[in-house]
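> I'm passing along query06.csv; it holds CSV, C-alpha atoms.
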```csv
chain,number,residue,atom,x,y,z
D,28,MET,CA,-14.6,-18.4,-1.1
D,29,SER,CA,-14.2,-17.8,-4.8
D,30,TYR,CA,-12.4,-14.8,-6.2
D,31,SER,CA,-12.4,-16.0,-9.9
D,32,LYS,CA,-14.4,-14.4,-12.7
D,33,ASN,CA,-17.5,-15.8,-14.1
D,34,GLY,CA,-18.6,-14.8,-17.6
D,35,ASP,CA,-18.1,-11.1,-18.3
D,36,ASP,CA,-17.3,-10.1,-14.8
D,37,GLN,CA,-14.7,-7.3,-14.7
D,38,MET,CA,-11.8,-7.5,-12.3
D,39,LEU,CA,-12.1,-5.0,-9.4
D,40,ILE,CA,-8.9,-3.2,-8.4
D,41,LEU,CA,-8.7,-2.3,-4.7
D,42,GLY,CA,-6.2,0.2,-3.5
D,43,LEU,CA,-5.0,-0.7,0.0
D,44,THR,CA,-3.3,2.0,2.0
D,45,GLY,CA,-2.8,3.3,5.5
D,46,SER,CA,-0.2,5.2,7.5
D,47,ILE,CA,2.8,3.4,8.9
D,48,GLY,CA,1.9,1.0,11.8
D,49,MET,CA,-1.8,0.8,11.0
D,50,GLY,CA,-1.8,-2.9,10.1
D,51,LYS,CA,-1.8,-2.6,6.3
D,52,SER,CA,0.7,-5.5,5.8
D,53,THR,CA,-1.4,-7.8,7.9
D,54,THR,CA,-4.5,-6.8,6.0
D,55,ALA,CA,-2.7,-7.5,2.7
D,56,ARG,CA,-1.5,-10.9,3.9
D,57,LEU,CA,-5.1,-11.9,4.9
D,58,PHE,CA,-6.3,-11.0,1.4
D,59,ALA,CA,-3.5,-13.0,-0.1
D,60,GLU,CA,-4.3,-16.0,2.1
D,61,ALA,CA,-7.8,-15.9,0.7
D,62,GLY,CA,-6.4,-16.3,-2.8
D,63,VAL,CA,-6.7,-12.6,-3.9
D,64,PRO,CA,-3.7,-11.4,-6.0
D,65,VAL,CA,-1.9,-8.7,-4.0
D,66,TYR,CA,0.7,-6.3,-5.4
D,67,ASP,CA,3.1,-5.3,-2.6
D,68,ALA,CA,4.6,-1.9,-3.5
D,69,ASP,CA,7.2,-2.2,-0.7
D,70,ALA,CA,8.4,-5.6,-2.0
D,71,ALA,CA,8.5,-4.1,-5.5
D,72,VAL,CA,10.7,-1.3,-4.2
D,73,HIS,CA,13.1,-3.9,-2.7
D,74,LYS,CA,13.3,-5.7,-6.0
D,75,ILE,CA,14.1,-2.6,-8.1
D,76,TYR,CA,16.6,-1.5,-5.5
D,77,GLU,CA,18.4,-4.8,-6.1
D,78,ARG,CA,18.3,-4.4,-9.9
D,79,GLU,CA,17.4,-1.6,-12.3
D,80,ALA,CA,17.2,1.3,-9.8
D,81,ALA,CA,20.6,0.9,-8.3
D,82,PRO,CA,22.7,2.7,-10.9
D,83,ALA,CA,20.5,5.7,-11.1
D,84,ILE,CA,20.2,6.0,-7.3
D,85,GLU,CA,24.0,5.7,-6.8
D,86,ALA,CA,24.4,8.5,-9.4
D,87,ALA,CA,21.9,10.7,-7.6
D,88,PHE,CA,23.0,9.8,-4.0
D,89,PRO,CA,26.7,8.6,-4.0
D,90,GLY,CA,27.6,6.0,-1.4
D,91,THR,CA,24.1,4.6,-1.1
D,92,THR,CA,24.7,1.3,-2.8
D,93,LEU,CA,26.8,-1.8,-1.8
D,94,ASP,CA,27.7,-4.6,-4.2
D,95,GLY,CA,25.5,-3.2,-6.9
D,96,ARG,CA,22.4,-3.0,-4.7
D,97,VAL,CA,20.8,-0.1,-2.8
D,98,ASP,CA,21.5,-0.1,0.9
D,99,ARG,CA,18.2,1.1,2.3
D,100,ASN,CA,19.7,2.3,5.6
D,101,ARG,CA,22.3,4.4,3.8
D,102,LEU,CA,19.7,5.8,1.4
D,103,SER,CA,17.3,6.6,4.3
D,104,ALA,CA,20.0,8.5,6.1
D,105,LYS,CA,20.6,10.6,3.0
D,106,VAL,CA,17.0,11.5,2.2
D,107,VAL,CA,14.7,11.1,5.3
D,108,HIS,CA,15.0,14.7,6.4
D,109,ASP,CA,15.4,16.3,2.9
D,110,PRO,CA,12.2,16.8,1.0
D,111,ALA,CA,14.0,17.7,-2.2
D,112,ALA,CA,16.0,14.5,-2.1
D,113,ILE,CA,12.9,12.5,-1.5
D,114,LYS,CA,11.3,14.1,-4.5
D,115,GLN,CA,14.4,13.2,-6.6
D,116,LEU,CA,14.3,9.6,-5.4
D,117,GLU,CA,10.6,9.4,-6.2
D,118,GLN,CA,11.3,10.6,-9.8
D,119,ILE,CA,13.7,7.7,-10.2
D,120,VAL,CA,11.6,5.0,-8.5
D,121,HIS,CA,8.0,5.8,-9.4
D,122,PRO,CA,8.1,5.1,-13.1
D,123,MET,CA,9.7,1.7,-12.4
D,124,LEU,CA,7.0,0.9,-9.9
D,125,ARG,CA,4.2,1.9,-12.3
D,126,ALA,CA,5.6,-0.5,-14.9
D,127,SER,CA,5.8,-3.4,-12.4
D,128,ARG,CA,2.3,-2.7,-11.1
D,129,GLN,CA,0.8,-2.6,-14.6
D,130,LYS,CA,2.5,-6.0,-15.3
D,131,PHE,CA,1.0,-7.4,-12.1
D,132,LEU,CA,-2.5,-6.2,-13.0
D,133,GLU,CA,-2.3,-7.6,-16.5
D,134,GLU,CA,-1.3,-11.0,-15.1
D,135,ALA,CA,-4.0,-11.0,-12.5
D,136,GLU,CA,-6.6,-10.2,-15.2
D,137,GLN,CA,-5.3,-12.9,-17.4
D,138,SER,CA,-5.5,-15.4,-14.5
D,139,GLY,CA,-9.3,-14.8,-14.2
D,140,ALA,CA,-9.1,-13.0,-10.8
D,141,LEU,CA,-12.3,-11.2,-9.8
D,142,VAL,CA,-10.4,-8.9,-7.3
D,143,ALA,CA,-6.9,-7.7,-7.2
D,144,VAL,CA,-5.4,-5.7,-4.3
D,145,VAL,CA,-2.7,-3.0,-4.9
D,146,ASP,CA,-1.0,-2.4,-1.6
D,147,VAL,CA,0.6,1.1,-1.8
D,148,PRO,CA,1.6,3.0,1.4
D,149,LEU,CA,1.5,6.5,-0.3
D,150,LEU,CA,-1.5,5.8,-2.5
D,151,PHE,CA,-3.2,9.2,-1.9
D,152,GLU,CA,0.1,11.1,-1.7
D,153,THR,CA,1.0,9.9,-5.2
D,154,GLY,CA,-2.4,10.2,-6.8
D,155,GLY,CA,-2.8,6.4,-7.0
D,156,GLU,CA,-6.4,6.5,-6.0
D,157,LYS,CA,-7.2,7.6,-9.6
D,158,HIS,CA,-6.0,4.3,-10.9
D,159,VAL,CA,-8.1,1.9,-8.7
D,160,ASP,CA,-11.8,1.2,-8.4
D,161,ALA,CA,-12.1,1.6,-4.7
D,162,VAL,CA,-9.8,2.4,-1.7
D,163,VAL,CA,-9.4,0.5,1.5
D,164,VAL,CA,-7.8,2.5,4.3
D,165,VAL,CA,-6.4,0.6,7.3
D,166,THR,CA,-6.5,2.5,10.6
D,167,THR,CA,-5.9,2.1,14.4
D,168,SER,CA,-5.5,4.4,17.4
D,169,PRO,CA,-2.5,6.7,17.4
D,170,GLU,CA,-1.3,5.1,20.6
D,171,LEU,CA,-1.3,1.6,19.2
D,172,GLN,CA,0.3,2.9,16.0
D,173,ARG,CA,3.2,4.4,17.8
D,174,GLU,CA,3.6,1.3,20.0
D,175,ARG,CA,3.8,-0.9,16.9
D,176,ILE,CA,6.3,1.2,15.1
D,177,LEU,CA,8.7,1.9,18.0
D,178,ALA,CA,8.9,-1.9,18.6
D,179,ARG,CA,10.6,-2.3,15.2
D,180,ASP,CA,14.3,-2.6,14.8
D,181,ASN,CA,16.2,0.5,13.8
D,182,MET,CA,13.2,2.7,14.5
D,183,THR,CA,13.4,5.9,16.6
D,184,GLY,CA,10.8,8.4,17.6
D,185,GLU,CA,12.5,11.0,15.4
D,186,LYS,CA,12.5,8.7,12.3
D,187,PHE,CA,8.8,7.8,13.0
D,188,ASP,CA,7.8,11.4,13.1
D,189,ALA,CA,9.7,12.2,9.9
D,190,ILE,CA,7.9,9.4,8.1
D,191,LEU,CA,4.5,10.5,9.5
D,192,ALA,CA,5.2,14.1,8.2
D,193,ARG,CA,5.4,12.7,4.6
D,194,GLN,CA,2.1,10.9,4.9
D,195,LEU,CA,-1.4,12.2,4.6
D,196,PRO,CA,-3.0,12.4,8.1
D,197,ASP,CA,-5.0,9.3,9.0
D,198,ALA,CA,-8.2,11.3,9.4
D,199,GLU,CA,-8.0,12.6,5.9
D,200,LYS,CA,-7.3,9.1,4.5
D,201,ARG,CA,-10.4,7.8,6.3
D,202,ARG,CA,-12.4,10.7,4.9
D,203,ARG,CA,-11.4,9.8,1.4
D,204,ALA,CA,-11.7,6.0,1.7
D,205,ASP,CA,-14.4,3.8,0.3
D,206,PHE,CA,-13.8,1.2,3.0
D,207,VAL,CA,-12.2,1.7,6.4
D,208,VAL,CA,-10.8,-1.2,8.3
D,209,ASP,CA,-9.9,-0.7,12.0
D,210,THR,CA,-7.2,-3.2,13.1
D,211,SER,CA,-7.2,-2.2,16.8
D,212,ASN,CA,-9.0,-5.4,17.8
D,213,GLY,CA,-7.4,-7.9,15.5
D,214,PRO,CA,-8.0,-9.3,12.0
D,215,ASP,CA,-11.8,-9.9,12.3
D,216,PRO,CA,-12.7,-6.6,10.5
D,217,VAL,CA,-10.5,-7.6,7.6
D,218,ARG,CA,-12.2,-11.0,7.4
D,219,ALA,CA,-15.6,-9.2,7.3
D,220,LEU,CA,-14.4,-7.1,4.4
D,221,ARG,CA,-13.2,-10.2,2.6
D,222,TRP,CA,-16.7,-11.8,3.2
D,223,TRP,CA,-18.4,-8.7,1.7
D,224,MET,CA,-16.1,-8.9,-1.3
D,225,CYS,CA,-16.9,-12.6,-1.8
D,226,ARG,CA,-20.7,-11.8,-1.7
D,227,CYS,CA,-20.9,-8.5,-3.5
D,228,CYS,CA,-17.6,-7.8,-5.2
D,229,SER,CA,-18.0,-6.6,-8.8
D,230,LYS,CA,-16.9,-3.4,-10.4
D,231,PRO,CA,-20.5,-2.2,-11.1
D,232,ALA,CA,-21.5,-3.0,-7.5
D,233,VAL,CA,-18.7,-1.0,-5.9
D,234,LYS,CA,-19.0,1.9,-8.4
D,235,SER,CA,-22.7,2.2,-7.7
D,236,ARG,CA,-22.4,2.4,-3.9
D,237,SER,CA,-23.5,5.6,-2.3
D,238,MET,CA,-22.2,4.9,1.2
D,239,ARG,CA,-18.8,4.4,2.8
D,240,LEU,CA,-18.3,1.2,4.7
D,241,TRP,CA,-16.5,0.6,8.0
D,242,TRP,CA,-15.3,-2.6,9.5
```
As structure tokens, please, write out the structure in this file.

Amino acid sequence: MSYSKNGDDQMLILGLTGSIGMGKSTTARLFAEAGVPVYDADAAVHKIYEREAAPAIEAAFPGTTLDGRVDRNRLSAKVVHDPAAIKQLEQIVHPMLRASRQKFLEEAEQSGALVAVVDVPLLFETGGEKHVDAVVVVTTSPELQRERILARDNMTGEKFDAILARQLPDAEKRRRADFVVDTSNGPDPVRALRWWMCRCCSKPAVKSRSMRLWW
């Protein structure tokens, strides 16, 4: 498969999103394995927590850093049940994330990539869909979602419910998506989407579509 530009092709920016436990990380990994540049917002948050965000976060939420780095567990305990604190945290972090995402896209464009994927858990919640050409929403059944999440370390039903409360409902994400990928039965739907991208992927082709596609 080729995901490099030919001639005057424009790079297509795909926004990848989905509620917690839907299989978004696996979907992003499969795109990356196919040679598609993938921006991982969660990984970017980890980096800025270790660097430029730490002083501002410590000032706003004392006791949440350790050795100059943000301790995610301490920070989560401070903000997870406090909408005002979450908003304050987002005001610190989001400008830094926008800068890192823009740098990633510029580098992907310069490399000649035909497609770039921006993996953002709260894409709709933060208005990020306005800055991509199409949105891929990853979904699964509520039962499988809960099973996946409660199998994680340091995860409880209460914490899971608090995270879900911050996220747009899955049904609304699917309604607003350009592409919906159901991971209930493994990675084959993602591979089908990759195949479609290889065959049809261009900015004009996606922009001119009048139908939503499911895999």
> To one decimal place, how far is CA of Arg128 (chain D) from CA of Pro110 (chain D) in Å?
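Atom-to-atom, CA of Arg128 (chain D) to CA of Pro110 (chain D), that is 25.0 Å.
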> So that I can check the surroundings of region 179-182 of chain D, please list as a list in words every protein, DNA and RNA residue that reaches within 10 Å of it, counting all atoms listed in the file and ignoring chain neighbours fewer than 4 positions away.
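Using all atoms listed in the file, the neighbours found are Gly48, Asn100, Glu174, Arg175, Lys186 and Phe187 of chain D.
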> Can you write just those residues out, C-alpha atoms, as a PDB file, keeping the file's coordinate frame?

```pdb
ATOM      1  CA  GLY D  48       1.900   1.000  11.800  1.00  0.00           C
ATOM      2  CA  ASN D 100      19.700   2.300   5.600  1.00  0.00           C
ATOM      3  CA  GLU D 174       3.600   1.300  20.000  1.00  0.00           C
ATOM      4  CA  ARG D 175       3.800  -0.900  16.900  1.00  0.00           C
ATOM      5  CA  LYS D 186      12.500   8.700  12.300  1.00  0.00           C
ATOM      6  CA  PHE D 187       8.800   7.800  13.000  1.00  0.00           C
TER       7      PHE D 187
END
```
> One decimal, Å: what's the distance from CA of Gln115 (chain D) over to CA of Ile47 (chain D), could you say?
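Separating CA of Gln115 (chain D) from CA of Ile47 (chain D) is a distance of 21.7 Å.
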> Which is closest to Leu191 (chain D) among D:Gly50, D:Pro89, D:Pro148, D:Gly155, if we use only C-alpha atoms?
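Once distances to Leu191 (chain D) are computed over only C-alpha atoms, the minimum belongs to D:Pro148.
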> Calculated over only C-alpha atoms, which of the candidates D:Ala189, D:Leu177, D:Ala71, D:Leu57 has the smallest distance to Val107 (chain D)?
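Of the candidates, the smallest distance to Val107 (chain D) is held by D:Ala189.
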> For Ala83 (chain D), which residue out of D:Leu150, D:Val165, D:Leu171, D:Met123 is the nearest one, using all atoms listed in the file?
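Closest candidate: D:Met123.
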> Using only C-alpha atoms, which of the listed residues (D:Val72, D:Ala61, D:Ala112, D:Val207) sits closest to Thr166 (chain D)?
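For Thr166 (chain D), the nearest of the candidates is D:Val207.
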> From the options D:Gln194, D:Thr153, D:Ser103, D:Ser46, which residue's atoms come nearest to Arg173 (chain D), counting all atoms listed in the file?
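Of all the options, D:Ser46 lies closest to Arg173 (chain D).
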> Kindly add all heavy atoms to the incomplete region 70-81 of chain D and provide the output as an mmCIF file, in the coordinates of the input.

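The new file out.cif reads:
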```cif
data_model
loop_
_atom_site.group_PDB
_atom_site.id
_atom_site.type_symbol
_atom_site.label_atom_id
_atom_site.label_comp_id
_atom_site.auth_asym_id
_atom_site.auth_seq_id
_atom_site.Cartn_x
_atom_site.Cartn_y
_atom_site.Cartn_z
ATOM 1 N N ALA D 70 7.564 -4.480 -1.457
ATOM 2 C CA ALA D 70 8.400 -5.600 -2.000
ATOM 3 C C ALA D 70 8.884 -5.252 -3.385
ATOM 4 O O ALA D 70 10.021 -5.603 -3.734
ATOM 5 C CB ALA D 70 7.522 -6.864 -2.032
ATOM 6 N N ALA D 71 8.058 -4.555 -4.170
ATOM 7 C CA ALA D 71 8.500 -4.100 -5.500
ATOM 8 C C ALA D 71 9.662 -3.178 -5.419
ATOM 9 O O ALA D 71 10.599 -3.237 -6.231
ATOM 10 C CB ALA D 71 7.330 -3.529 -6.270
ATOM 11 N N VAL D 72 9.628 -2.276 -4.430
ATOM 12 C CA VAL D 72 10.700 -1.300 -4.200
ATOM 13 C C VAL D 72 12.019 -2.117 -3.905
ATOM 14 O O VAL D 72 13.096 -1.829 -4.442
ATOM 15 C CB VAL D 72 10.416 -0.325 -3.127
ATOM 16 C CG1 VAL D 72 11.664 0.454 -2.730
ATOM 17 C CG2 VAL D 72 9.334 0.644 -3.597
ATOM 18 N N HIS D 73 11.903 -3.117 -3.033
ATOM 19 C CA HIS D 73 13.100 -3.900 -2.700
ATOM 20 C C HIS D 73 13.691 -4.547 -3.947
ATOM 21 O O HIS D 73 14.917 -4.559 -4.116
ATOM 22 C CB HIS D 73 12.667 -5.061 -1.730
ATOM 23 C CG HIS D 73 12.632 -4.652 -0.290
ATOM 24 N ND1 HIS D 73 13.765 -4.542 0.479
ATOM 25 C CD2 HIS D 73 11.593 -4.321 0.518
ATOM 26 C CE1 HIS D 73 13.433 -4.166 1.708
ATOM 27 N NE2 HIS D 73 12.122 -4.020 1.756
ATOM 28 N N LYS D 74 12.823 -5.052 -4.832
ATOM 29 C CA LYS D 74 13.300 -5.700 -6.000
ATOM 30 C C LYS D 74 14.055 -4.731 -6.956
ATOM 31 O O LYS D 74 15.130 -5.029 -7.468
ATOM 32 C CB LYS D 74 12.159 -6.368 -6.793
ATOM 33 C CG LYS D 74 11.636 -7.627 -6.138
ATOM 34 C CD LYS D 74 10.526 -8.247 -6.964
ATOM 35 C CE LYS D 74 9.985 -9.510 -6.301
ATOM 36 N NZ LYS D 74 8.880 -10.110 -7.079
ATOM 37 N N ILE D 75 13.448 -3.561 -7.163
ATOM 38 C CA ILE D 75 14.100 -2.600 -8.100
ATOM 39 C C ILE D 75 15.355 -2.019 -7.452
ATOM 40 O O ILE D 75 16.279 -1.635 -8.168
ATOM 41 C CB ILE D 75 13.144 -1.543 -8.609
ATOM 42 C CG1 ILE D 75 12.702 -0.603 -7.499
ATOM 43 C CG2 ILE D 75 11.969 -2.155 -9.334
ATOM 44 C CD1 ILE D 75 11.916 0.594 -8.021
ATOM 45 N N TYR D 76 15.397 -1.947 -6.117
ATOM 46 C CA TYR D 76 16.600 -1.500 -5.500
ATOM 47 C C TYR D 76 17.759 -2.479 -5.678
ATOM 48 O O TYR D 76 18.937 -2.104 -5.651
ATOM 49 C CB TYR D 76 16.382 -1.329 -3.958
ATOM 50 C CG TYR D 76 15.755 -0.011 -3.551
ATOM 51 C CD1 TYR D 76 15.353 0.928 -4.490
ATOM 52 C CD2 TYR D 76 15.572 0.294 -2.207
ATOM 53 C CE1 TYR D 76 14.784 2.120 -4.113
ATOM 54 C CE2 TYR D 76 15.009 1.497 -1.810
ATOM 55 C CZ TYR D 76 14.619 2.405 -2.766
ATOM 56 O OH TYR D 76 14.055 3.603 -2.394
ATOM 57 N N GLU D 77 17.423 -3.738 -5.876
ATOM 58 C CA GLU D 77 18.400 -4.800 -6.100
ATOM 59 C C GLU D 77 18.815 -4.860 -7.572
ATOM 60 O O GLU D 77 19.794 -5.541 -7.914
ATOM 61 C CB GLU D 77 17.944 -6.114 -5.601
ATOM 62 C CG GLU D 77 17.779 -6.185 -4.099
ATOM 63 C CD GLU D 77 17.304 -7.551 -3.634
ATOM 64 O OE1 GLU D 77 17.002 -8.395 -4.500
ATOM 65 O OE2 GLU D 77 17.247 -7.770 -2.411
ATOM 66 N N ARG D 78 18.036 -4.197 -8.432
ATOM 67 C CA ARG D 78 18.300 -4.400 -9.900
ATOM 68 C C ARG D 78 18.357 -3.011 -10.564
ATOM 69 O O ARG D 78 19.328 -2.277 -10.427
ATOM 70 C CB ARG D 78 17.127 -5.216 -10.460
ATOM 71 C CG ARG D 78 17.016 -6.606 -9.818
ATOM 72 C CD ARG D 78 15.790 -7.342 -10.270
ATOM 73 N NE ARG D 78 15.603 -8.602 -9.563
ATOM 74 C CZ ARG D 78 14.513 -9.341 -9.623
ATOM 75 N NH1 ARG D 78 13.496 -8.967 -10.376
ATOM 76 N NH2 ARG D 78 14.423 -10.468 -8.929
ATOM 77 N N GLU D 79 17.298 -2.685 -11.316
ATOM 78 C CA GLU D 79 17.400 -1.600 -12.300
ATOM 79 C C GLU D 79 17.551 -0.199 -11.662
ATOM 80 O O GLU D 79 18.093 0.708 -12.311
ATOM 81 C CB GLU D 79 16.207 -1.593 -13.252
ATOM 82 C CG GLU D 79 14.846 -1.365 -12.613
ATOM 83 C CD GLU D 79 14.105 -2.637 -12.302
ATOM 84 O OE1 GLU D 79 14.762 -3.620 -11.864
ATOM 85 O OE2 GLU D 79 12.874 -2.653 -12.482
ATOM 86 N N ALA D 80 17.096 0.000 -10.428
ATOM 87 C CA ALA D 80 17.200 1.300 -9.800
ATOM 88 C C ALA D 80 18.537 1.669 -9.255
ATOM 89 O O ALA D 80 18.860 2.844 -9.053
ATOM 90 C CB ALA D 80 16.099 1.485 -8.744
ATOM 91 N N ALA D 81 19.335 0.656 -8.982
ATOM 92 C CA ALA D 81 20.600 0.900 -8.300
ATOM 93 C C ALA D 81 21.530 1.865 -8.949
ATOM 94 O O ALA D 81 22.048 2.787 -8.292
ATOM 95 C CB ALA D 81 21.288 -0.441 -7.978
#
```
